[in-house]
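*Asks:* The structure file final32.txt (compact mmCIF, C-alpha atoms and all ligand atoms) is provided below.
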# COMPACT_ATOMS: atom_id res chain seq x y z
CA MET A 1 -12.05 12.34 -27.75
CA SER A 2 -15.11 13.74 -29.53
CA ASP A 3 -16.29 12.10 -32.73
CA ASN A 4 -16.41 15.12 -35.02
CA LEU A 5 -13.97 17.70 -36.28
CA ASP A 6 -15.29 21.24 -36.53
CA LEU A 7 -14.87 23.29 -39.67
CA SER A 8 -12.28 25.69 -38.23
CA SER A 9 -10.06 22.75 -37.14
CA VAL A 10 -10.33 21.24 -40.62
CA THR A 11 -9.43 24.59 -42.18
CA THR A 12 -6.36 24.91 -39.92
CA ILE A 13 -5.19 21.42 -40.84
CA VAL A 14 -5.72 21.91 -44.57
CA HIS A 15 -3.79 25.15 -44.30
CA ASP A 16 -0.92 23.34 -42.49
CA LEU A 17 -0.83 20.68 -45.23
CA LYS A 18 0.13 23.37 -47.73
CA THR A 19 3.63 23.83 -46.26
CA PRO A 20 4.99 20.31 -46.95
CA ILE A 21 3.14 20.11 -50.29
CA THR A 22 4.64 23.41 -51.46
CA SER A 23 8.08 22.27 -50.36
CA ILE A 24 7.79 18.91 -52.17
CA MET A 25 6.58 20.59 -55.37
CA GLY A 26 9.38 23.17 -55.18
CA PHE A 27 12.13 20.57 -54.87
CA ILE A 28 10.67 18.38 -57.64
CA GLU A 29 10.67 21.43 -59.90
CA LEU A 30 14.33 22.06 -59.02
CA LEU A 31 15.23 18.43 -59.81
CA GLN A 32 13.48 18.66 -63.17
CA LYS A 33 15.87 21.41 -64.19
CA ASP A 34 18.64 18.79 -64.07
CA ASP A 35 21.63 21.08 -63.71
CA HIS A 36 22.69 19.94 -60.22
CA ASP A 37 25.56 17.78 -59.03
CA GLU A 38 24.84 14.41 -57.40
CA GLU A 39 25.30 15.70 -53.84
CA LYS A 40 22.76 18.45 -54.37
CA ARG A 41 20.28 16.05 -56.00
CA GLN A 42 20.61 13.71 -52.99
CA SER A 43 19.94 16.55 -50.57
CA PHE A 44 16.77 17.45 -52.55
CA TYR A 45 15.62 13.78 -52.46
CA ASN A 46 16.18 13.75 -48.69
CA ILE A 47 14.07 16.87 -48.22
CA ILE A 48 11.30 15.40 -50.39
CA ALA A 49 11.39 12.17 -48.33
CA THR A 50 11.25 14.06 -45.00
CA GLU A 51 8.45 16.36 -46.13
CA SER A 52 6.43 13.43 -47.55
CA ALA A 53 6.77 11.56 -44.24
CA ARG A 54 5.60 14.69 -42.42
CA LEU A 55 2.64 15.00 -44.76
CA LEU A 56 1.69 11.34 -44.24
CA LYS A 57 1.90 11.73 -40.45
CA MET A 58 -0.40 14.78 -40.55
CA VAL A 59 -2.91 12.94 -42.76
CA ASN A 60 -2.82 9.86 -40.48
CA ASP A 61 -3.34 12.04 -37.39
CA VAL A 62 -6.38 13.72 -38.93
CA LEU A 63 -7.78 10.34 -40.01
CA TYR A 64 -7.29 9.04 -36.46
CA VAL A 65 -9.13 11.90 -34.75
CA SER A 66 -11.94 11.83 -37.32
CA ARG A 67 -12.73 8.15 -36.66
CA THR A 68 -15.77 7.54 -34.48
CA SER A 69 -15.57 5.74 -31.13
CA GLU A 70 -17.40 2.75 -32.69
CA GLN A 71 -14.85 2.49 -35.49
CA LYS A 72 -12.01 2.59 -32.94
CA SER A 73 -13.48 -0.01 -30.61
CA LYS A 74 -14.23 -2.30 -33.60
CA GLU A 75 -10.57 -1.99 -34.62
CA ASN A 76 -9.38 -2.72 -31.04
CA LYS A 77 -11.44 -5.95 -31.07
CA THR A 78 -9.87 -7.17 -34.34
CA GLU A 79 -6.40 -6.74 -32.90
CA ASN A 80 -6.67 -10.11 -31.21
CA ASN A 81 -4.70 -9.44 -28.01
CA GLU A 82 -1.55 -8.40 -29.86
CA SER A 83 1.33 -7.49 -27.58
CA CYS A 84 4.85 -6.12 -27.97
CA ASN A 85 8.17 -5.79 -26.17
CA ILE A 86 8.32 -2.21 -24.93
CA GLY A 87 12.14 -2.03 -24.67
CA VAL A 88 12.58 -3.19 -28.27
CA GLN A 89 10.04 -0.60 -29.46
CA ILE A 90 11.72 2.26 -27.55
CA HIS A 91 15.13 1.45 -29.08
CA LYS A 92 13.52 1.22 -32.54
CA TYR A 93 11.88 4.66 -32.40
CA VAL A 94 14.90 6.34 -30.81
CA LYS A 95 16.94 5.00 -33.75
CA GLU A 96 14.36 6.26 -36.25
CA LEU A 97 14.44 9.72 -34.66
CA ALA A 98 18.26 9.83 -34.43
CA PRO A 99 18.65 12.08 -37.54
CA LEU A 100 16.34 14.69 -35.96
CA ALA A 101 18.23 14.48 -32.63
CA GLU A 102 21.63 14.70 -34.39
CA LYS A 103 20.52 17.75 -36.36
CA ARG A 104 19.94 19.56 -33.02
CA ASN A 105 22.88 17.88 -31.24
CA ILE A 106 20.55 16.28 -28.70
CA ASN A 107 21.61 13.22 -26.75
CA VAL A 108 18.96 10.56 -26.07
CA ASP A 109 19.69 8.30 -23.12
CA ILE A 110 17.70 5.08 -22.55
CA ASN A 111 17.69 3.51 -19.11
CA MET A 112 15.97 0.12 -18.87
CA ASN A 113 15.46 -0.69 -15.18
CA ALA A 114 13.63 -3.90 -15.89
CA GLY A 115 13.88 -7.12 -17.91
CA ASN A 116 11.82 -7.87 -21.01
CA ILE A 117 8.45 -6.25 -20.56
CA TYR A 118 5.56 -6.95 -22.93
CA VAL A 119 2.46 -4.76 -23.03
CA SER A 120 -0.89 -5.80 -24.46
CA VAL A 121 -0.92 -2.95 -26.96
CA PRO A 122 -0.28 -3.59 -30.68
CA GLU A 123 3.02 -2.36 -32.13
CA SER A 124 1.32 0.15 -34.45
CA LYS A 125 -0.36 1.83 -31.47
CA VAL A 126 2.80 1.83 -29.32
CA ALA A 127 4.51 3.47 -32.31
CA ARG A 128 2.03 6.34 -32.31
CA ILE A 129 2.46 6.95 -28.58
CA LEU A 130 6.25 6.70 -28.45
CA THR A 131 7.21 8.44 -31.70
CA ASN A 132 5.09 11.44 -30.84
CA ILE A 133 6.33 11.89 -27.28
CA ILE A 134 9.99 11.20 -28.08
CA GLU A 135 9.80 13.48 -31.14
CA ASN A 136 8.29 16.24 -28.95
CA ALA A 137 11.10 15.80 -26.41
CA ILE A 138 13.57 16.48 -29.23
CA LYS A 139 11.53 19.15 -31.03
CA TYR A 140 10.76 21.23 -27.92
CA ASN A 141 14.29 20.85 -26.51
CA ARG A 142 17.11 23.38 -26.58
CA GLU A 143 20.07 22.94 -28.96
CA SER A 144 22.54 20.39 -27.45
CA GLY A 145 19.91 19.38 -24.89
CA LYS A 146 19.20 15.95 -23.45
CA VAL A 147 16.37 13.43 -23.45
CA PHE A 148 16.20 10.73 -20.76
CA ILE A 149 13.96 7.71 -21.21
CA ASP A 150 13.48 5.53 -18.12
CA VAL A 151 11.56 2.28 -18.10
CA SER A 152 10.61 0.54 -14.90
CA GLU A 153 8.11 -2.00 -13.64
CA GLU A 154 5.64 -1.07 -10.93
CA GLY A 155 3.30 -3.89 -9.97
CA SER A 156 1.29 -4.88 -13.01
CA SER A 157 2.28 -1.80 -15.03
CA VAL A 158 5.25 -0.60 -16.97
CA ILE A 159 6.16 3.06 -16.35
CA ILE A 160 7.87 4.95 -19.15
CA ARG A 161 9.26 8.37 -18.25
CA ILE A 162 10.38 10.66 -21.08
CA ARG A 163 12.16 13.75 -19.75
CA ASP A 164 13.72 16.62 -21.69
CA THR A 165 15.75 19.73 -20.97
CA GLY A 166 13.63 21.92 -23.22
CA VAL A 167 11.38 24.95 -23.36
CA GLY A 168 8.88 23.57 -20.86
CA ILE A 169 5.16 24.25 -20.55
CA ALA A 170 3.59 27.02 -18.41
CA SER A 171 1.62 25.59 -15.45
CA GLU A 172 -1.65 27.14 -16.66
CA GLU A 173 -1.25 25.35 -20.02
CA LEU A 174 -0.37 21.90 -18.64
CA ASP A 175 -4.00 20.68 -18.57
CA LYS A 176 -4.58 21.71 -22.16
CA VAL A 177 -1.70 20.00 -23.97
CA PHE A 178 -3.77 16.81 -24.36
CA ASP A 179 -6.61 18.72 -26.05
CA LYS A 180 -7.04 18.26 -29.78
CA PHE A 181 -5.32 21.04 -31.78
CA TYR A 182 -3.86 22.69 -28.66
CA ARG A 183 -0.42 24.25 -29.19
CA SER A 184 1.26 26.12 -26.34
CA SER A 185 2.03 29.82 -26.61
CA THR A 186 5.78 28.99 -26.47
CA SER A 187 5.66 26.61 -29.45
CA LYS A 188 3.73 29.17 -31.49
CA LYS A 189 6.11 31.98 -30.46
CA MET A 190 9.14 29.86 -31.36
CA ASN A 191 7.61 28.83 -34.68
CA ILE A 192 8.02 25.11 -33.99
CA ASP A 193 5.68 23.36 -36.35
CA GLY A 194 3.04 20.80 -35.46
CA THR A 195 -0.70 20.15 -35.56
CA GLY A 196 -1.51 19.83 -31.87
CA LEU A 197 -2.93 16.33 -32.45
CA GLY A 198 -0.09 14.03 -31.33
CA LEU A 199 -0.70 14.17 -27.56
CA ALA A 200 -4.49 13.94 -27.93
CA ILE A 201 -3.99 10.75 -29.96
CA ALA A 202 -1.38 9.36 -27.53
CA LYS A 203 -3.73 9.93 -24.55
CA ASP A 204 -6.69 8.39 -26.39
CA ILE A 205 -4.68 5.24 -27.20
CA VAL A 206 -3.07 4.91 -23.74
CA GLU A 207 -6.44 5.22 -21.99
CA SER A 208 -8.21 2.85 -24.38
CA TYR A 209 -5.71 0.14 -23.30
CA GLY A 210 -6.22 0.84 -19.58
CA GLY A 211 -3.13 3.01 -19.11
CA GLU A 212 -2.49 6.53 -17.96
CA ILE A 213 -0.49 9.51 -19.24
CA LYS A 214 0.65 12.51 -17.17
CA VAL A 215 2.87 15.53 -17.64
CA GLU A 216 4.99 17.68 -15.33
CA SER A 217 6.98 20.67 -16.44
CA GLU A 218 9.01 23.71 -15.44
CA LEU A 219 8.77 26.55 -17.93
CA GLY A 220 12.10 27.19 -19.67
CA LYS A 221 13.70 24.18 -17.99
CA CYS A 222 12.25 20.70 -18.47
CA THR A 223 9.24 18.53 -19.20
CA GLU A 224 8.48 14.96 -18.23
CA PHE A 225 5.78 12.72 -19.68
CA MET A 226 4.91 9.63 -17.67
CA ILE A 227 3.08 6.80 -19.41
CA SER A 228 1.85 3.69 -17.64
CA LEU A 229 0.63 0.64 -19.56
CA PRO A 230 -0.57 -2.73 -18.28
CA ILE A 231 2.05 -5.49 -18.52
CA SER A 232 1.03 -8.65 -20.39
CA LYS A 233 4.24 -10.63 -19.83
CA PHE A 234 7.48 -10.06 -17.91
CA GLU A 235 10.81 -11.89 -18.28
CA GLU A 236 13.67 -11.19 -15.78
P1 LIG B 1 2.31 19.28 -31.87
O1 LIG B 1 3.68 18.93 -31.35
O2 LIG B 1 2.04 18.74 -33.23
O3 LIG B 1 2.00 20.74 -31.74
P2 LIG B 1 1.23 17.71 -29.67
O4 LIG B 1 -0.18 17.29 -29.44
O5 LIG B 1 2.24 16.64 -29.78
O6 LIG B 1 1.20 18.59 -30.97
O7 LIG B 1 1.63 18.69 -28.50
C1 LIG B 1 0.72 19.74 -28.11
C2 LIG B 1 1.51 20.93 -27.56
O8 LIG B 1 2.09 20.58 -26.29
C3 LIG B 1 2.69 21.35 -28.43
O9 LIG B 1 2.31 22.25 -29.44
C4 LIG B 1 3.61 22.02 -27.39
O10 LIG B 1 3.17 23.33 -27.20
C5 LIG B 1 3.35 21.22 -26.12
N1 LIG B 1 4.38 20.18 -25.89
C6 LIG B 1 4.30 18.86 -26.17
N2 LIG B 1 5.41 18.20 -25.78
C7 LIG B 1 6.22 19.13 -25.23
C8 LIG B 1 7.53 19.08 -24.62
N3 LIG B 1 8.20 17.93 -24.51
N4 LIG B 1 8.05 20.24 -24.16
C9 LIG B 1 7.35 21.41 -24.26
N5 LIG B 1 6.13 21.53 -24.81
C10 LIG B 1 5.57 20.40 -25.30
Would you write the structure of this file as structure tokens?
*Replies:*
Amino acid sequence: MSDNLDLSSVTTIVHDLKTPITSIMGFIELLQKDDHDEEKRQSFYNIIATESARLLKMVNDVLYVSRTSEQKSKENKTENNESCNIGVQIHKYVKELAPLAEKRNINVDINMNAGNIYVSVPESKVARILTNIIENAIKYNRESGKVFIDVSEEGSSVIIRIRDTGVGIASEELDKVFDKFYRSSTSKKMNIDGTGLGLAIAKDIVESYGGEIKVESELGKCTEFMISLPISKFEE
């Protein structure tokens, strides 16, 4: 990942930040009018919470890609060989994303084909990889679609496969989805929002911990992301 953001990328991002900010301001203004019943007020609070979380994620993504390689490797050194249980983390993020999946009637199925697997990647970094790829599998899915998450052990690595029944990615675009700011023609056409940074960040993290990330897809049918990470500890 290159160390600098160009001006046009920064402009795009700043432009994208306007949507959640405008929405938050609009709903606060509505609440200030104070002529709504409790149910309506709660629904406004929920929208403000969702939009604020979206805003924070966008800001964190931009901060991540604007950090230099030296800053990142310094941070990796201070992490002191932290590790985490991959199965526990997957269940945690699937639970966090359940409201988004329910909204689109999407079923998420987790299949753990192994015991307790620990990877030598800190929880905060695993969170960035998993939330982004699982969220994409929901976001780019069809209504009432399915997401399958399979975890297995292969030698000294854990393999996580995240498969969806969604819009898919055209073969000529497959190589580009890990590029910073890249958004496929389908996602733009369908007006699905995003910054095009999530997969670039996921790849950067996976590779900096000695892992690998790959994608296979059939346009209009399905997509599968395969992540491998080195195992630090394994309990049957
Ligand atoms: P964002 O989702 O914010 O646009 P990402 O970096 O996460 O950014 O993804 C880059 C692009 O790759 C997306 O805009 C989308 O076009 C495509 N993509 C990612 N995941 C999927 C998926 N599961 N199915 C179809 N397309 C996907």
*Asks:* CA of Asp6 in chain A and atom N1 of ligand LIG 1 (chain B), how far apart in Å?
*Replies:*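 We find that atom N1 of ligand LIG 1 (chain B) and CA of Asp6 in chain A lie 22.4 Å from each other.
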*Asks:* Neighbours of ligand LIG 1 (chain B) at 8 Å or closer, counting only C-alpha atoms and all ligand atoms: which residues, as an mmCIF file with C-alpha atoms, in the coordinates of the input?
*Replies:*
data_model
loop_
_atom_site.group_PDB
_atom_site.id
_atom_site.type_symbol
_atom_site.label_atom_id
_atom_site.label_comp_id
_atom_site.auth_asym_id
_atom_site.auth_seq_id
_atom_site.Cartn_x
_atom_site.Cartn_y
_atom_site.Cartn_z
ATOM 1 C CA ASN A 132 5.090 11.440 -30.840
ATOM 2 C CA ILE A 133 6.330 11.890 -27.280
ATOM 3 C CA ILE A 134 9.990 11.200 -28.080
ATOM 4 C CA ASN A 136 8.290 16.240 -28.950
ATOM 5 C CA ALA A 137 11.100 15.800 -26.410
ATOM 6 C CA ILE A 138 13.570 16.480 -29.230
ATOM 7 C CA LYS A 139 11.530 19.150 -31.030
ATOM 8 C CA TYR A 140 10.760 21.230 -27.920
ATOM 9 C CA ASN A 141 14.290 20.850 -26.510
ATOM 10 C CA ARG A 163 12.160 13.750 -19.750
ATOM 11 C CA ASP A 164 13.720 16.620 -21.690
ATOM 12 C CA GLY A 166 13.630 21.920 -23.220
ATOM 13 C CA VAL A 167 11.380 24.950 -23.360
ATOM 14 C CA GLY A 168 8.880 23.570 -20.860
ATOM 15 C CA ILE A 169 5.160 24.250 -20.550
ATOM 16 C CA LYS A 176 -4.580 21.710 -22.160
ATOM 17 C CA VAL A 177 -1.700 20.000 -23.970
ATOM 18 C CA PHE A 178 -3.770 16.810 -24.360
ATOM 19 C CA ASP A 179 -6.610 18.720 -26.050
ATOM 20 C CA LYS A 180 -7.040 18.260 -29.780
ATOM 21 C CA PHE A 181 -5.320 21.040 -31.780
ATOM 22 C CA TYR A 182 -3.860 22.690 -28.660
ATOM 23 C CA ARG A 183 -0.420 24.250 -29.190
ATOM 24 C CA SER A 184 1.260 26.120 -26.340
ATOM 25 C CA SER A 185 2.030 29.820 -26.610
ATOM 26 C CA THR A 186 5.780 28.990 -26.470
ATOM 27 C CA SER A 187 5.660 26.610 -29.450
ATOM 28 C CA LYS A 188 3.730 29.170 -31.490
ATOM 29 C CA ILE A 192 8.020 25.110 -33.990
ATOM 30 C CA ASP A 193 5.680 23.360 -36.350
ATOM 31 C CA GLY A 194 3.040 20.800 -35.460
ATOM 32 C CA THR A 195 -0.700 20.150 -35.560
ATOM 33 C CA GLY A 196 -1.510 19.830 -31.870
ATOM 34 C CA LEU A 197 -2.930 16.330 -32.450
ATOM 35 C CA GLY A 198 -0.090 14.030 -31.330
ATOM 36 C CA LEU A 199 -0.700 14.170 -27.560
ATOM 37 C CA ALA A 200 -4.490 13.940 -27.930
ATOM 38 C CA ILE A 201 -3.990 10.750 -29.960
ATOM 39 C CA SER A 217 6.980 20.670 -16.440
ATOM 40 C CA CYS A 222 12.250 20.700 -18.470
ATOM 41 C CA THR A 223 9.240 18.530 -19.200
ATOM 42 C CA GLU A 224 8.480 14.960 -18.230
ATOM 43 C CA PHE A 225 5.780 12.720 -19.680
#
*Asks:* Please tabulate, as JSON lines, the residues of range 7-99 of chain A that come within 9 Å of range 104-108 of chain A, each with its closest pair of atoms and the distance in Å to one decimal, counting all atoms listed in the file and ordering rows by chain, then residue number upward.
*Replies:*
{"residue": "A:Val94", "atom": "CA", "partner": "A:Val108", "partner_atom": "CA", "distance": 7.5}
{"residue": "A:Ala98", "atom": "CA", "partner": "A:Val108", "partner_atom": "CA", "distance": 8.4}
{"residue": "A:Pro99", "atom": "CA", "partner": "A:Arg104", "partner_atom": "CA", "distance": 8.8}
*Asks:* Which is closest to Ser156 in chain A among A:Asn191, A:Ser52, A:Ser232, A:Ser66, if we use all atoms listed in the file?
*Replies:*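 Answer, going by the shortest atom-to-atom distance: A:Ser232.
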*Asks:* Just how far from CA of Asp204 in chain A is CA of Phe234 in chain A, in Å to one decimal?
*Replies:*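 About the pair CA of Phe234 in chain A and CA of Asp204 in chain A: they are 24.8 Å apart.
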*Asks:* Nearest residue to Leu56 in chain A out of A:Ile21, A:Ala202, A:Ala114, A:Ala101, using all atoms listed in the file?
*Replies:*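 Ranking A:Ile21, A:Ala202, A:Ala114, A:Ala101 by distance to Leu56 in chain A, first place goes to A:Ile21.
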*Asks:* I'd like to know which of A:Ala53, A:Leu229, A:Val215, A:Ile48 is closest to Ser171 in chain A, using only C-alpha atoms.
*Replies:* A:Val215
*Asks:* Would you please work out which residue, of A:Thr11, A:Thr131, A:Ser157, A:Thr50, is nearest to Tyr209 in chain A when using all atoms listed in the file?
*Replies:*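 Looking at the shortest contact to Tyr209 in chain A, the residue is A:Ser157.
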